Amino acid sequence: MSDVISLSAGAMRATLSTIGARLLSLSYSGTSVILSADPDKHEGWYDVYPGALIGPLANRVRGGRVPIGDALHQMACNEGGITALHSGPAGLDVLPWQVVQQTDHNVHMRHTLADGDMGLPGDREVNVIFTLEDTALTLDIRATTTAPTPISIAHHPYWRLGDAQDHLLQINADNYLPTDDTNVPTGTVVPVEGTPFDHRAPRQMHRDTDHNFCTGDSQLIQPEQVATLTGSDGLRLQIDTTEPGLQVYSGAHLPDLPGTDVAPLAGIALEPQGWPDAPNNPDFPSVITTPDRPYHQITRYRFDRAT
């Protein structure tokens with residue numbers, strides 16, 4: 001059974017669920033900024049991961065195969081038996097999280113994974129603290145392990161700042177990862193210049209966007225700004241993160257849910273994370289966490305109105 005948590009601070013309001021550490025709603029100055037729907041009335045809504053914390057290994061893994069040293073670990077393939085998406089059918093997004101501590105403006109949740117869960121090694125503990133400030137929401141995500149294991153966690157809300165067709169998106173990335181017909185990166189890193197994915201200056205999104213933008217080549221200690229999303233009325237979201245990648249998805253295949261704002265292209269996902277399929281691409285930034293090198297991500301969403 002899910003517990004619903006309400007947080008508030010300044011102009012910000014949020015509700016969260018303990019199932020999947022999921023952000024159910026988020027508003028700034030009374031304006032909702034993410035897509036939401038009632039999963040009891042709309043079967044399949046949670047199949048597209050709205051607002052959930054994704055992991056322990058976000059995005060797609062080719063064949064579900066994860067080499068670590070001399071061992072090959074097998075994750076469950078939940079996309080036609082071809083890829084493991086978001087850690088398979090039983091990832092962090094569907095699991096119950098324990099509330100460790102809660103105040104009126106923040107909540108600390110925890111989930112533990114046993115060695116072998118999701119096909120990956122190590123006893124792992126994952127902690128997330130959601131904190132609302134006057135005009136921002138910050139996620140502080142930490143994980144430890146008893147054995148080397150891949151950890152790359154992503155937060156998966158669908159942003160909607162007014163009509164999504166009017167969104168202008170700017171990304172601080174000179175390169176992106178092209179994908180094959182299974183939506184897995186090919187292993188090459190390509191300049192955005194001259195492609196529909198050049199968001200170095202604000203532009204509308206191409207409907208086929210479901211790609212990782214290379215915002216860095218390693219995790220940072222402190223977050224830096226990587227993207228800005230602006231709505232037609234000037235409402236603006238700025239994303240700061242420690243992560244080297246930003247997965248951007250246009251929402252082209254979102255379901256059409258009657259009586260809600262949810263429909264294809266009605267919202268976009270902007271997911272700070274490690275580069276997809278990194279375990280199978282040695283030239284990508286490593287996502288391997290070890291007992292002496294724990295995982296730590298900070299992602300901050302800041303809101304204002306452009307003047």
# chains A, B, ... in the order shown; residues from 1 in each chain; ligands from 1
>>> select_by_dssp(residues="segment 69-121 of chain A", states="strand (DSSP E or B)", output="VMD selection string")
chain A and resid 71 to 74 79 83 to 85 96 98 to 102 106 to 113
>>> closest_atom_pairs(of="segment 221-285 of chain A", to="segment 20-38 of chain A", cutoff="12 Å", atoms="only C-alpha atoms", output="JSON lines")
{"residue": "A:Leu229", "atom": "CA", "partner": "A:Val33", "partner_atom": "CA", "distance": 11.1}
{"residue": "A:Thr230", "atom": "CA", "partner": "A:Val33", "partner_atom": "CA", "distance": 11.3}
{"residue": "A:Gly231", "atom": "CA", "partner": "A:Val33", "partner_atom": "CA", "distance": 10.2}
{"residue": "A:Asp233", "atom": "CA", "partner": "A:Thr31", "partner_atom": "CA", "distance": 11.8}
{"residue": "A:Leu235", "atom": "CA", "partner": "A:Val33", "partner_atom": "CA", "distance": 9.3}
{"residue": "A:Arg236", "atom": "CA", "partner": "A:Val33", "partner_atom": "CA", "distance": 9.9}
{"residue": "A:Leu237", "atom": "CA", "partner": "A:Val33", "partner_atom": "CA", "distance": 9.0}
{"residue": "A:Gly251", "atom": "CA", "partner": "A:Leu35", "partner_atom": "CA", "distance": 10.8}
{"residue": "A:Leu254", "atom": "CA", "partner": "A:Leu35", "partner_atom": "CA", "distance": 10.6}
{"residue": "A:Pro255", "atom": "CA", "partner": "A:Ala37", "partner_atom": "CA", "distance": 11.0}
{"residue": "A:Asp256", "atom": "CA", "partner": "A:Ala37", "partner_atom": "CA", "distance": 11.0}
{"residue": "A:Leu257", "atom": "CA", "partner": "A:Ala37", "partner_atom": "CA", "distance": 8.1}
{"residue": "A:Pro258", "atom": "CA", "partner": "A:Ala37", "partner_atom": "CA", "distance": 9.9}
{"residue": "A:Gly259", "atom": "CA", "partner": "A:Ala37", "partner_atom": "CA", "distance": 9.0}
{"residue": "A:Thr260", "atom": "CA", "partner": "A:Ala37", "partner_atom": "CA", "distance": 6.4}
{"residue": "A:Asp261", "atom": "CA", "partner": "A:Leu35", "partner_atom": "CA", "distance": 6.7}
{"residue": "A:Val262", "atom": "CA", "partner": "A:Leu35", "partner_atom": "CA", "distance": 6.4}
{"residue": "A:Ala263", "atom": "CA", "partner": "A:Leu35", "partner_atom": "CA", "distance": 9.5}
{"residue": "A:Pro264", "atom": "CA", "partner": "A:Leu35", "partner_atom": "CA", "distance": 11.5}
{"residue": "A:Leu265", "atom": "CA", "partner": "A:Leu35", "partner_atom": "CA", "distance": 11.1}
{"residue": "A:Ala266", "atom": "CA", "partner": "A:Leu35", "partner_atom": "CA", "distance": 8.0}
{"residue": "A:Gly267", "atom": "CA", "partner": "A:Leu35", "partner_atom": "CA", "distance": 6.6}
{"residue": "A:Ile268", "atom": "CA", "partner": "A:Ile34", "partner_atom": "CA", "distance": 9.0}
{"residue": "A:Ala269", "atom": "CA", "partner": "A:Ile34", "partner_atom": "CA", "distance": 9.6}
{"residue": "A:Leu270", "atom": "CA", "partner": "A:Ile34", "partner_atom": "CA", "distance": 11.4}
>>> residues_around(residues="segment 166-172 of chain A", least_positions_apart="2", cutoff="10 Å", atoms="only C-alpha atoms", output="short mmCIF file (atom, residue, chain, number, x, y, z; two decimals) with C-alpha atoms, in the first residue's frame")
data_model
loop_
_atom_site.label_atom_id
_atom_site.label_comp_id
_atom_site.auth_asym_id
_atom_site.auth_seq_id
_atom_site.Cartn_x
_atom_site.Cartn_y
_atom_site.Cartn_z
CA TRP A 159 7.38 18.24 -17.58
CA ARG A 160 4.57 20.42 -18.93
CA LEU A 161 4.94 24.19 -18.75
CA GLY A 162 1.71 25.12 -20.47
CA ASP A 163 1.22 23.67 -23.96
CA ALA A 164 4.13 21.28 -24.52
CA ASP A 174 27.86 19.66 -27.82
CA ASN A 175 27.37 15.91 -28.40
CA PHE A 197 19.21 17.58 -31.63
CA ASP A 198 21.18 20.81 -31.53
CA HIS A 199 19.70 22.49 -28.46
CA ARG A 200 22.67 24.68 -27.62
CA ALA A 201 20.28 27.53 -28.31
CA PRO A 202 16.59 27.24 -27.30
CA ARG A 203 14.44 25.43 -29.86
CA GLN A 204 11.39 23.20 -30.04
CA MET A 205 11.96 19.47 -29.68
CA PHE A 213 22.79 14.36 -24.44
CA CYS A 214 26.41 14.31 -23.29
CA THR A 215 26.52 17.12 -20.74
CA GLY A 216 29.79 15.90 -19.22
CA GLN A 225 23.21 23.81 -14.96
CA VAL A 226 22.61 21.51 -17.93
CA ALA A 227 19.23 22.51 -19.38
CA THR A 228 16.50 25.13 -19.46
CA LEU A 229 12.91 24.51 -20.50
CA THR A 230 10.71 27.55 -21.19
CA GLY A 231 6.94 27.65 -21.68
CA SER A 232 5.05 30.05 -23.93
CA ASP A 233 4.08 32.31 -20.99
CA GLY A 234 7.67 32.56 -19.74
CA LEU A 235 7.44 29.90 -17.03
CA ARG A 236 10.93 28.45 -16.87
CA LEU A 237 12.54 25.27 -15.48
CA GLN A 238 16.30 25.16 -15.01
CA ILE A 239 17.97 21.83 -14.25
CA LEU A 246 20.65 14.02 -19.81
CA VAL A 248 15.57 13.64 -23.28
CA GLY A 267 4.97 16.42 -21.70
CA ILE A 268 8.68 15.75 -21.94
#
>>> residues_around(residues="Gln219 of chain A", least_positions_apart="2", cutoff="7 Å", atoms="only C-alpha atoms", output="JSON, numbers by chain")
{"A": [221, 242, 243, 244]}
>>> closest_atom_pairs(of="segment 123-188 of chain A", to="segment 78-82 of chain A", cutoff="12 Å", atoms="only C-alpha atoms", output="JSON lines")
{"residue": "A:Asp181", "atom": "CA", "partner": "A:Ile82", "partner_atom": "CA", "distance": 11.0}
{"residue": "A:Thr182", "atom": "CA", "partner": "A:Ile82", "partner_atom": "CA", "distance": 7.8}
{"residue": "A:Asn183", "atom": "CA", "partner": "A:Glu79", "partner_atom": "CA", "distance": 10.5}
{"residue": "A:Val184", "atom": "CA", "partner": "A:Ile82", "partner_atom": "CA", "distance": 10.1}
>>> atom_distance(atom1="atom CA of Ala84 of chain A", atom2="atom CA of Arg62 of chain A")
6.9 Å
>>> closest_residue(among="A:Arg207, A:Arg293, A:Arg110, A:Arg60", to="Pro185 of chain A", atoms="only C-alpha atoms")
A:Arg60
>>> select_by_dssp(residues="segment 5-225 of chain A", states="helix (DSSP H, G or I)", output="PyMOL selection string")
chain A and resi 45-48+92-94+117-119+164-166
>>> write_last_selection(atoms="all heavy atoms", output="mmCIF file, in the first residue's frame")
data_model
loop_
_atom_site.group_PDB
_atom_site.id
_atom_site.type_symbol
_atom_site.label_atom_id
_atom_site.label_comp_id
_atom_site.auth_asym_id
_atom_site.auth_seq_id
_atom_site.Cartn_x
_atom_site.Cartn_y
_atom_site.Cartn_z
ATOM 1 N N TRP A 45 -0.853 3.779 -16.908
ATOM 2 C CA TRP A 45 -0.173 5.057 -16.734
ATOM 3 C C TRP A 45 1.214 4.860 -16.138
ATOM 4 O O TRP A 45 2.196 5.456 -16.609
ATOM 5 C CB TRP A 45 -1.024 5.982 -15.874
ATOM 6 C CG TRP A 45 -0.409 7.282 -15.427
ATOM 7 C CD1 TRP A 45 -0.455 7.797 -14.177
ATOM 8 C CD2 TRP A 45 0.294 8.261 -16.216
ATOM 9 N NE1 TRP A 45 0.183 9.017 -14.116
ATOM 10 C CE2 TRP A 45 0.648 9.330 -15.366
ATOM 11 C CE3 TRP A 45 0.663 8.334 -17.552
ATOM 12 C CZ2 TRP A 45 1.350 10.438 -15.798
ATOM 13 C CZ3 TRP A 45 1.374 9.454 -17.984
ATOM 14 C CH2 TRP A 45 1.697 10.489 -17.119
ATOM 15 N N TYR A 46 1.320 4.007 -15.137
ATOM 16 C CA TYR A 46 2.618 3.805 -14.511
ATOM 17 C C TYR A 46 3.579 3.012 -15.398
ATOM 18 O O TYR A 46 4.785 2.930 -15.092
ATOM 19 C CB TYR A 46 2.455 3.119 -13.152
ATOM 20 C CG TYR A 46 2.064 4.069 -12.032
ATOM 21 C CD1 TYR A 46 1.798 5.409 -12.279
ATOM 22 C CD2 TYR A 46 1.964 3.618 -10.719
ATOM 23 C CE1 TYR A 46 1.440 6.277 -11.263
ATOM 24 C CE2 TYR A 46 1.596 4.483 -9.689
ATOM 25 C CZ TYR A 46 1.339 5.810 -9.968
ATOM 26 O OH TYR A 46 0.994 6.667 -8.957
ATOM 27 N N ASP A 47 3.094 2.439 -16.498
ATOM 28 C CA ASP A 47 3.980 1.724 -17.418
ATOM 29 C C ASP A 47 4.964 2.659 -18.107
ATOM 30 O O ASP A 47 5.968 2.198 -18.667
ATOM 31 C CB ASP A 47 3.172 0.975 -18.482
ATOM 32 C CG ASP A 47 2.364 -0.175 -17.906
ATOM 33 O OD1 ASP A 47 2.628 -0.567 -16.753
ATOM 34 O OD2 ASP A 47 1.472 -0.680 -18.616
ATOM 35 N N VAL A 48 4.676 3.966 -18.089
ATOM 36 C CA VAL A 48 5.595 4.932 -18.726
ATOM 37 C C VAL A 48 6.406 5.695 -17.674
ATOM 38 O O VAL A 48 6.989 6.740 -17.965
ATOM 39 C CB VAL A 48 4.841 5.899 -19.668
ATOM 40 C CG1 VAL A 48 4.277 5.138 -20.846
ATOM 41 C CG2 VAL A 48 3.736 6.655 -18.936
ATOM 42 N N LEU A 92 13.343 -0.143 -9.168
ATOM 43 C CA LEU A 92 13.024 0.702 -8.013
ATOM 44 C C LEU A 92 11.703 1.445 -8.179
ATOM 45 O O LEU A 92 11.076 1.840 -7.196
ATOM 46 C CB LEU A 92 14.147 1.718 -7.783
ATOM 47 C CG LEU A 92 15.485 1.172 -7.269
ATOM 48 C CD1 LEU A 92 16.524 2.289 -7.226
ATOM 49 C CD2 LEU A 92 15.331 0.539 -5.892
ATOM 50 N N ASP A 93 11.258 1.637 -9.421
ATOM 51 C CA ASP A 93 10.041 2.405 -9.669
ATOM 52 C C ASP A 93 8.770 1.705 -9.203
ATOM 53 O O ASP A 93 7.728 2.354 -9.061
ATOM 54 C CB ASP A 93 9.905 2.707 -11.163
ATOM 55 C CG ASP A 93 9.826 1.448 -12.002
ATOM 56 O OD1 ASP A 93 10.830 0.721 -12.093
ATOM 57 O OD2 ASP A 93 8.751 1.170 -12.590
ATOM 58 N N VAL A 94 8.806 0.380 -8.986
ATOM 59 C CA VAL A 94 7.605 -0.343 -8.550
ATOM 60 C C VAL A 94 7.729 -0.869 -7.124
ATOM 61 O O VAL A 94 6.805 -1.526 -6.625
ATOM 62 C CB VAL A 94 7.282 -1.513 -9.508
ATOM 63 C CG1 VAL A 94 7.010 -0.994 -10.904
ATOM 64 C CG2 VAL A 94 8.388 -2.555 -9.515
ATOM 65 N N ASP A 117 19.443 -9.061 -6.813
ATOM 66 C CA ASP A 117 18.219 -8.365 -7.236
ATOM 67 C C ASP A 117 18.470 -7.634 -8.552
ATOM 68 O O ASP A 117 19.500 -6.996 -8.730
ATOM 69 C CB ASP A 117 17.763 -7.356 -6.176
ATOM 70 C CG ASP A 117 17.066 -8.011 -4.991
ATOM 71 O OD1 ASP A 117 16.844 -9.234 -5.036
ATOM 72 O OD2 ASP A 117 16.747 -7.284 -4.023
ATOM 73 N N MET A 118 17.522 -7.725 -9.477
ATOM 74 C CA MET A 118 17.618 -7.191 -10.843
ATOM 75 C C MET A 118 18.760 -7.835 -11.636
ATOM 76 O O MET A 118 19.202 -7.318 -12.673
ATOM 77 C CB MET A 118 17.792 -5.673 -10.881
ATOM 78 C CG MET A 118 16.570 -4.905 -10.426
ATOM 79 S SD MET A 118 16.506 -4.807 -8.640
ATOM 80 C CE MET A 118 15.143 -3.699 -8.408
ATOM 81 N N GLY A 119 19.281 -8.961 -11.134
ATOM 82 C CA GLY A 119 20.368 -9.643 -11.809
ATOM 83 C C GLY A 119 21.732 -9.034 -11.579
ATOM 84 O O GLY A 119 22.707 -9.405 -12.239
ATOM 85 N N ALA A 164 2.803 21.847 -24.268
ATOM 86 C CA ALA A 164 4.134 21.285 -24.520
ATOM 87 C C ALA A 164 4.613 21.543 -25.940
ATOM 88 O O ALA A 164 5.831 21.547 -26.205
ATOM 89 C CB ALA A 164 4.125 19.789 -24.226
ATOM 90 N N GLN A 165 3.677 21.750 -26.866
ATOM 91 C CA GLN A 165 4.084 22.032 -28.244
ATOM 92 C C GLN A 165 4.824 23.363 -28.354
ATOM 93 O O GLN A 165 5.525 23.609 -29.347
ATOM 94 C CB GLN A 165 2.851 22.052 -29.161
ATOM 95 C CG GLN A 165 2.029 20.772 -29.114
ATOM 96 C CD GLN A 165 2.835 19.545 -29.519
ATOM 97 O OE1 GLN A 165 3.479 19.547 -30.547
ATOM 98 N NE2 GLN A 165 2.804 18.517 -28.696
ATOM 99 N N ASP A 166 4.666 24.215 -27.354
ATOM 100 C CA ASP A 166 5.327 25.520 -27.362
ATOM 101 C C ASP A 166 6.621 25.539 -26.548
ATOM 102 O O ASP A 166 7.274 26.587 -26.456
ATOM 103 C CB ASP A 166 4.380 26.598 -26.818
ATOM 104 C CG ASP A 166 3.149 26.790 -27.688
ATOM 105 O OD1 ASP A 166 3.268 26.618 -28.915
ATOM 106 O OD2 ASP A 166 2.078 27.084 -27.133
#
>>> atom_distance(atom1="atom CA of Asp283 of chain A", atom2="atom CA of Leu85 of chain A")
21.0 Å
>>> atom_distance(atom1="atom CA of Pro56 of chain A", atom2="atom CA of Thr241 of chain A")
17.7 Å
>>> closest_residue(among="A:Gln222, A:Thr146, A:Thr18, A:Thr186", to="His111 of chain A", atoms="only C-alpha atoms")
A:Thr18
>>> closest_residue(among="A:Leu95, A:Leu120, A:Leu57, A:Ala11", to="His73 of chain A", atoms="only C-alpha atoms")
A:Leu120
>>> residues_around(residues="Arg124 of chain A", least_positions_apart="5", cutoff="8 Å", atoms="only C-alpha atoms", output="list in words")
Thr112, Leu113, Ala114, Asp115, Ala143, Thr144, Thr145 and Thr146 of chain A
>>> write_last_selection(atoms="N, CA and C atoms", output="PDB file, in the first residue's frame")
ATOM      1  N   THR A 112      16.383  -1.037   0.135  1.00  0.00           N
ATOM      2  CA  THR A 112      17.550  -1.909   0.100  1.00  0.00           C
ATOM      3  C   THR A 112      17.327  -3.024  -0.917  1.00  0.00           C
ATOM      4  N   LEU A 113      18.389  -3.352  -1.629  1.00  0.00           N
ATOM      5  CA  LEU A 113      18.381  -4.411  -2.630  1.00  0.00           C
ATOM      6  C   LEU A 113      19.382  -5.480  -2.226  1.00  0.00           C
ATOM      7  N   ALA A 114      18.962  -6.735  -2.315  1.00  0.00           N
ATOM      8  CA  ALA A 114      19.843  -7.849  -1.972  1.00  0.00           C
ATOM      9  C   ALA A 114      20.741  -8.200  -3.151  1.00  0.00           C
ATOM     10  N   ASP A 115      21.849  -8.832  -2.860  1.00  0.00           N
ATOM     11  CA  ASP A 115      22.742  -9.340  -3.893  1.00  0.00           C
ATOM     12  C   ASP A 115      21.941 -10.203  -4.874  1.00  0.00           C
ATOM     13  N   ALA A 143      23.854   5.940  -2.849  1.00  0.00           N
ATOM     14  CA  ALA A 143      23.765   4.484  -2.826  1.00  0.00           C
ATOM     15  C   ALA A 143      25.106   3.888  -2.435  1.00  0.00           C
ATOM     16  N   THR A 144      25.029   2.801  -1.678  1.00  0.00           N
ATOM     17  CA  THR A 144      26.221   2.042  -1.302  1.00  0.00           C
ATOM     18  C   THR A 144      26.040   0.601  -1.734  1.00  0.00           C
ATOM     19  N   THR A 145      27.155  -0.120  -1.825  1.00  0.00           N
ATOM     20  CA  THR A 145      27.125  -1.514  -2.269  1.00  0.00           C
ATOM     21  C   THR A 145      28.229  -2.307  -1.582  1.00  0.00           C
ATOM     22  N   THR A 146      28.036  -3.619  -1.468  1.00  0.00           N
ATOM     23  CA  THR A 146      29.056  -4.498  -0.899  1.00  0.00           C
ATOM     24  C   THR A 146      29.939  -5.117  -1.967  1.00  0.00           C
TER      25      THR A 146
END
>>> decode(residues="segment 34-54 of chain A", atoms="N, CA, C and O atoms", output="PDB file, in the first residue's frame")
ATOM      1  N   ILE A  34       4.043  19.203 -13.904  1.00  0.00           N
ATOM      2  CA  ILE A  34       4.264  17.849 -14.407  1.00  0.00           C
ATOM      3  C   ILE A  34       2.928  17.212 -14.764  1.00  0.00           C
ATOM      4  O   ILE A  34       1.880  17.586 -14.240  1.00  0.00           O
ATOM      5  N   LEU A  35       2.975  16.232 -15.671  1.00  0.00           N
ATOM      6  CA  LEU A  35       1.782  15.464 -16.006  1.00  0.00           C
ATOM      7  C   LEU A  35       1.429  14.542 -14.854  1.00  0.00           C
ATOM      8  O   LEU A  35       2.312  13.968 -14.203  1.00  0.00           O
ATOM      9  N   SER A  36       0.131  14.365 -14.618  1.00  0.00           N
ATOM     10  CA  SER A  36      -0.309  13.453 -13.569  1.00  0.00           C
ATOM     11  C   SER A  36      -1.644  12.849 -13.968  1.00  0.00           C
ATOM     12  O   SER A  36      -2.402  13.421 -14.760  1.00  0.00           O
ATOM     13  N   ALA A  37      -1.907  11.661 -13.424  1.00  0.00           N
ATOM     14  CA  ALA A  37      -3.163  10.958 -13.667  1.00  0.00           C
ATOM     15  C   ALA A  37      -3.349   9.945 -12.559  1.00  0.00           C
ATOM     16  O   ALA A  37      -2.392   9.545 -11.890  1.00  0.00           O
ATOM     17  N   ASP A  38      -4.579   9.512 -12.363  1.00  0.00           N
ATOM     18  CA  ASP A  38      -4.905   8.531 -11.334  1.00  0.00           C
ATOM     19  C   ASP A  38      -4.691   7.130 -11.907  1.00  0.00           C
ATOM     20  O   ASP A  38      -5.411   6.720 -12.823  1.00  0.00           O
ATOM     21  N   PRO A  39      -3.713   6.369 -11.392  1.00  0.00           N
ATOM     22  CA  PRO A  39      -3.445   5.042 -11.959  1.00  0.00           C
ATOM     23  C   PRO A  39      -4.590   4.060 -11.737  1.00  0.00           C
ATOM     24  O   PRO A  39      -4.717   3.073 -12.479  1.00  0.00           O
ATOM     25  N   ASP A  40      -5.433   4.306 -10.744  1.00  0.00           N
ATOM     26  CA  ASP A  40      -6.582   3.424 -10.518  1.00  0.00           C
ATOM     27  C   ASP A  40      -7.642   3.598 -11.607  1.00  0.00           C
ATOM     28  O   ASP A  40      -8.391   2.675 -11.904  1.00  0.00           O
ATOM     29  N   LYS A  41      -7.692   4.792 -12.199  1.00  0.00           N
ATOM     30  CA  LYS A  41      -8.649   5.055 -13.268  1.00  0.00           C
ATOM     31  C   LYS A  41      -8.050   4.853 -14.650  1.00  0.00           C
ATOM     32  O   LYS A  41      -8.778   4.697 -15.632  1.00  0.00           O
ATOM     33  N   HIS A  42      -6.726   4.881 -14.720  1.00  0.00           N
ATOM     34  CA  HIS A  42      -6.053   4.819 -16.018  1.00  0.00           C
ATOM     35  C   HIS A  42      -4.974   3.737 -15.974  1.00  0.00           C
ATOM     36  O   HIS A  42      -3.805   4.006 -15.712  1.00  0.00           O
ATOM     37  N   GLU A  43      -5.400   2.524 -16.239  1.00  0.00           N
ATOM     38  CA  GLU A  43      -4.481   1.392 -16.232  1.00  0.00           C
ATOM     39  C   GLU A  43      -3.392   1.619 -17.286  1.00  0.00           C
ATOM     40  O   GLU A  43      -3.656   2.032 -18.404  1.00  0.00           O
ATOM     41  N   GLY A  44      -2.174   1.361 -16.904  1.00  0.00           N
ATOM     42  CA  GLY A  44      -1.059   1.519 -17.821  1.00  0.00           C
ATOM     43  C   GLY A  44      -0.308   2.827 -17.683  1.00  0.00           C
ATOM     44  O   GLY A  44       0.768   2.982 -18.272  1.00  0.00           O
ATOM     45  N   TRP A  45      -0.853   3.779 -16.908  1.00  0.00           N
ATOM     46  CA  TRP A  45      -0.173   5.057 -16.734  1.00  0.00           C
ATOM     47  C   TRP A  45       1.214   4.860 -16.138  1.00  0.00           C
ATOM     48  O   TRP A  45       2.196   5.456 -16.609  1.00  0.00           O
ATOM     49  N   TYR A  46       1.320   4.007 -15.137  1.00  0.00           N
ATOM     50  CA  TYR A  46       2.618   3.805 -14.511  1.00  0.00           C
ATOM     51  C   TYR A  46       3.579   3.012 -15.398  1.00  0.00           C
ATOM     52  O   TYR A  46       4.785   2.930 -15.092  1.00  0.00           O
ATOM     53  N   ASP A  47       3.094   2.439 -16.498  1.00  0.00           N
ATOM     54  CA  ASP A  47       3.980   1.724 -17.418  1.00  0.00           C
ATOM     55  C   ASP A  47       4.964   2.659 -18.107  1.00  0.00           C
ATOM     56  O   ASP A  47       5.968   2.198 -18.667  1.00  0.00           O
ATOM     57  N   VAL A  48       4.676   3.966 -18.089  1.00  0.00           N
ATOM     58  CA  VAL A  48       5.595   4.932 -18.726  1.00  0.00           C
ATOM     59  C   VAL A  48       6.406   5.695 -17.674  1.00  0.00           C
ATOM     60  O   VAL A  48       6.989   6.740 -17.965  1.00  0.00           O
ATOM     61  N   TYR A  49       6.421   5.183 -16.439  1.00  0.00           N
ATOM     62  CA  TYR A  49       7.323   5.615 -15.372  1.00  0.00           C
ATOM     63  C   TYR A  49       7.137   7.056 -14.890  1.00  0.00           C
ATOM     64  O   TYR A  49       8.104   7.692 -14.437  1.00  0.00           O
ATOM     65  N   PRO A  50       5.946   7.622 -14.910  1.00  0.00           N
ATOM     66  CA  PRO A  50       5.813   9.046 -14.568  1.00  0.00           C
ATOM     67  C   PRO A  50       6.228   9.351 -13.128  1.00  0.00           C
ATOM     68  O   PRO A  50       5.707   8.778 -12.181  1.00  0.00           O
ATOM     69  N   GLY A  51       7.174  10.261 -12.979  1.00  0.00           N
ATOM     70  CA  GLY A  51       7.570  10.758 -11.666  1.00  0.00           C
ATOM     71  C   GLY A  51       8.386   9.819 -10.814  1.00  0.00           C
ATOM     72  O   GLY A  51       8.792  10.183  -9.708  1.00  0.00           O
ATOM     73  N   ALA A  52       8.653   8.605 -11.307  1.00  0.00           N
ATOM     74  CA  ALA A  52       9.307   7.593 -10.473  1.00  0.00           C
ATOM     75  C   ALA A  52      10.815   7.792 -10.417  1.00  0.00           C
ATOM     76  O   ALA A  52      11.427   8.424 -11.278  1.00  0.00           O
ATOM     77  N   LEU A  53      11.410   7.202  -9.373  1.00  0.00           N
ATOM     78  CA  LEU A  53      12.859   7.104  -9.295  1.00  0.00           C
ATOM     79  C   LEU A  53      13.247   5.786  -9.972  1.00  0.00           C
ATOM     80  O   LEU A  53      12.776   4.716  -9.579  1.00  0.00           O
ATOM     81  N   ILE A  54      14.092   5.877 -10.987  1.00  0.00           N
ATOM     82  CA  ILE A  54      14.414   4.744 -11.852  1.00  0.00           C
ATOM     83  C   ILE A  54      15.778   4.192 -11.486  1.00  0.00           C
ATOM     84  O   ILE A  54      16.747   4.940 -11.363  1.00  0.00           O
TER      85      ILE A  54
END
